[in-house]
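Student: Pasting a structure here, questions to come.
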Amino acid sequence: MCGIVGYIGTRAASKILVEGLKTLEYRGYDSAGVATVGEGILQRTRAKGKLINLQTKLEGLEDPAHLGIGHTRWATHGKPEEHNAHPHTDTKERIAVVQNGIIENYRELREELKAKGHQFRSDTDTEVIPHLIAEYLQNPAENPDSDTVLTEQSSFLEAARQAVNRLKGAFALAMVSVDFPDELLVVRQQAPLAIGFGQGEFFCASDTPAIMPYTQAVLTLENGELARLTRMGVEVYDFTGHRLKKKPQTLNWNPIMVEKQGFKHFMLKEIYEQPGVVRTCLETYLDTSWDQQSGRSPINLNLPNALLDDLEHIQILACGTSWHASLVGKYLLEQVANVPTVVQYASEFRYAPAPLMANTLTIGVTQSGETADTLAALEMEQTRRSASCDERHAPRMLGITNRVDSSLSRLVPHVMGTMAGIEIGVAATKTFVAQLMAFYFLSLELAYRRQTISSARLAELIEGLRQLPAQLELVLESQERYVEELSHDFADTTDFIFIGRGINYPIALEGALKLKEISYIHAEGYPAGEMKHGPIALLDEKVPVVAIATPGTVYEKVLSNAQEAKARDARLIGVVPMNDADAEDTFDALLPVPIVDELLSPVLTVVPLQLLSYHIAARRGLDVDQPRNLAKSVTVE
Ligand code: AGP
């Protein structure tokens, strides 16, 4: 959720902090702030609303300080007002702290600190941290729970360590103090925090894009670690104060990936990147020399047999768009590989898990790899399966993520990367399509192992997958202008219905979610056959219905369901096969896609819906990339 940045080195910190915050603004944009330390002064500037408001405040302020921290906020505790914006300070304003996460026990800490005379100025959970550090600086804990007290290296570090040991919750922190002008402290506990290594300068951020323009050498902290950054280097400790040996890794991301490259919005750029993303997925996971006679699997998953063989069930845990991709995955895993599969909202599963099933593969799907509910659900599942005496319940855990450097990869032993490149737009587009690709590869690999489809059918589907990039290009070329024009008709629409069946039912859900999150239009997705069991009562001439009707088992059924909506005066928009007379007769507006195997159709049918939601939101003049109330990765419960 919130974005954190920090810098220590030789350059003006505030410029680097603001540049970093620009790349992290997608993580939260309720308010922003920076604090710098230089020449005996802790200078703090904060502003409500978007980062631009902070930039305006900083304009003309001469700030040569070489050390500082910054924050862009997605409000959890306290309204998005300036007094709640980070950084927060202690009573004497000697220490400044930024936080991403939630401090669950902040109320009791606040009462304790107030009783000792600390004065609070915000409604946030974060503010207890600088006060707690100030308290431990003045009165170090009598029985520090460490056999390696850090006071010799730095009393700031030791006070911060003692404070962190009092905190309950999931959080990442960056901290500076005017009394320790050569130290930047950072902490990770269940929320991401990376450190960038430059020449005589060091960076920290809650996500690597903020570091990428300066260095590719990055160390991602593990949970329960705190680090001290000076101009001389980085020291990493665990929460008991033991020094740890850690080395940075080299990132293979490229700063160009986080630029709009001529597109008006990141979302549109990311929609257009989809043919390339699918190509990269095919290059990564398909064996190019495979043919039907080769007698081996066409898929290279690089996963152990023990994970995939003799499966009786699959359970998938995910949230939001990843949950929709997982529903397509369920369809494929059941219909192609014949493995009974359930898809659970991670946020529900973690408090009401189903009874353990034997020989079950658990898959966590999260593009960011940081979604708190998905991580917690996976951790819980791993723990309860490890505790079971029945070896058939042993954990078999797999992650599907776009960020192989994320917390997910630390949690589960096996990960499939979705190869989409970094996604900045809050509305997931290219990462959704990449998740679908991961499910094609997984289900075809399982189908091959379990011999649930013939090799001729396998070859047919592989060939179909290979055609997808060119077909995606065709959809984008043929529809962009028409969808833009069509969007004019919906500037004042308040409700939309999306319907689909079978493998395209999740696409109806995804189409509705895309429209809701960026255009703020109320939209619902339904399985088309369910409309007459209630939702059809909503329909009249003011409620457009978008139907996904592509050739296959349910094509005629969806057309009939669309006719039923038309009979209630709804305006009908159809995602339909190209050059199809039946579709032309039925729908008022057509969004045609090439005719493909029904199983592969979701990769194409989702694109017109992404374009439709994008253009409606852009037409309404909304902030497409940073819709209100949302954040790219939801790192709090
Ligand atoms: C997608 O458009 C949404 N912004 C959101 O539903 C997202 O898919 C969800 O928060 C899950 O994120 P994850 O894939 O990073 O876990």
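Just remember, in the structure tokens the first chain shown is A, the second B, etc., residues are 1-based per chain, and ligands are 1-based in the order shown.
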Counting only C-alpha atoms and all ligand atoms, what residues are within 9 Å of ligand 1, given as a PyMOL selection string?

Tutor: chain A and resi 318-324+364-375+401-402+425-429+431-432+510+513-514+517-518+630-635

Student: Could you give me, as an NGL selection string, the residues within 12 Å of Pro355 (chain A), counting only C-alpha atoms and dropping anything in the same chain fewer than 3 positions from it?

Tutor: :A and (315 or 349 or 352 or 358 or 360 or 381 or 384-385 or 388 or 393)

Student: Report the residues of region 56-305 of chain A whose backbone DSSP state falls under strand (DSSP E), written as a ChimeraX atom specification.

Tutor: /A:67-73,88-89,95-103,169-177,184-189,194-197,202-205,217-220,225-230,233-238,243-244,249-250

Student: Which residues are near Ala134 (chain A)? Cut-off 9 Å, only C-alpha atoms, ignore same chain within fewer than 2 positions. Put them as a ChimeraX atom specification.

Tutor: /A:90-92,94-95,129-132,136-139,156,159-160

Student: Considering only C-alpha atoms, can you say which of A:Asp207, A:Glu477, A:Glu183, A:Glu108 comes closest to Lys22 (chain A)?

Tutor: A:Asp207

Student: Show which residues sit within 10 Å of Glu39 (chain A), as a list in words. Count only C-alpha atoms, and ignore same-chain residues fewer than 6 positions away.

Tutor: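 Once the adjacent positions are removed, what remains is Pro64, Ala65, His66, Val178 and Pro181 of chain A.
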
Student: Near Tyr614 (chain A), counting only C-alpha atoms, which residues have an atom at most 10 Å away, once you skip same-chain residues fewer than 3 positions from it, shown as a ChimeraX atom specification?

Tutor: /A:265,267-268,271,427,483-484,487,514-515,518-519,608-611,617-620,622,624-625

Student: Find the residues around Tyr237 (chain A) up to 8 Å (only C-alpha atoms counted), leave out those fewer than 3 positions away in its own chain, and share them as a ChimeraX atom specification.

Tutor: /A:225-227,240-244

Student: Work out how far apart CA of Glu62 (chain A) and CA of Met232 (chain A) are and give it in Å to one decimal.

Tutor: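 Value for the CA of Glu62 (chain A)-CA of Met232 (chain A) distance: 25.8 Å.
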
Student: CA of Ile133 (chain A) to CA of Gln162 (chain A): how many Å, to one decimal?

Tutor: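 Straight-line distance from CA of Ile133 (chain A) to CA of Gln162 (chain A) works out to 7.7 Å.
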
Student: Need the shell around region 447-458 of chain A: protein/DNA/RNA residues with any atom at most 9 Å away, counting only C-alpha atoms. Skip same-chain ones fewer than 6 positions apart. Format as a ChimeraX atom specification?

Tutor: /A:292-293,296-298,308-310,333,336-338

Student: Quick one: distance from CA of Thr215 (chain A) to CA of Glu59 (chain A) in Å, one decimal?

Tutor: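 Calculated distance between CA of Thr215 (chain A) and CA of Glu59 (chain A) is 26.4 Å.
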
Student: Pick out the closest residue to Arg501 (chain A) from this set: A:Ala434, A:Met212, A:Ala459, A:Leu559. Count only C-alpha atoms.

Tutor: A:Leu559
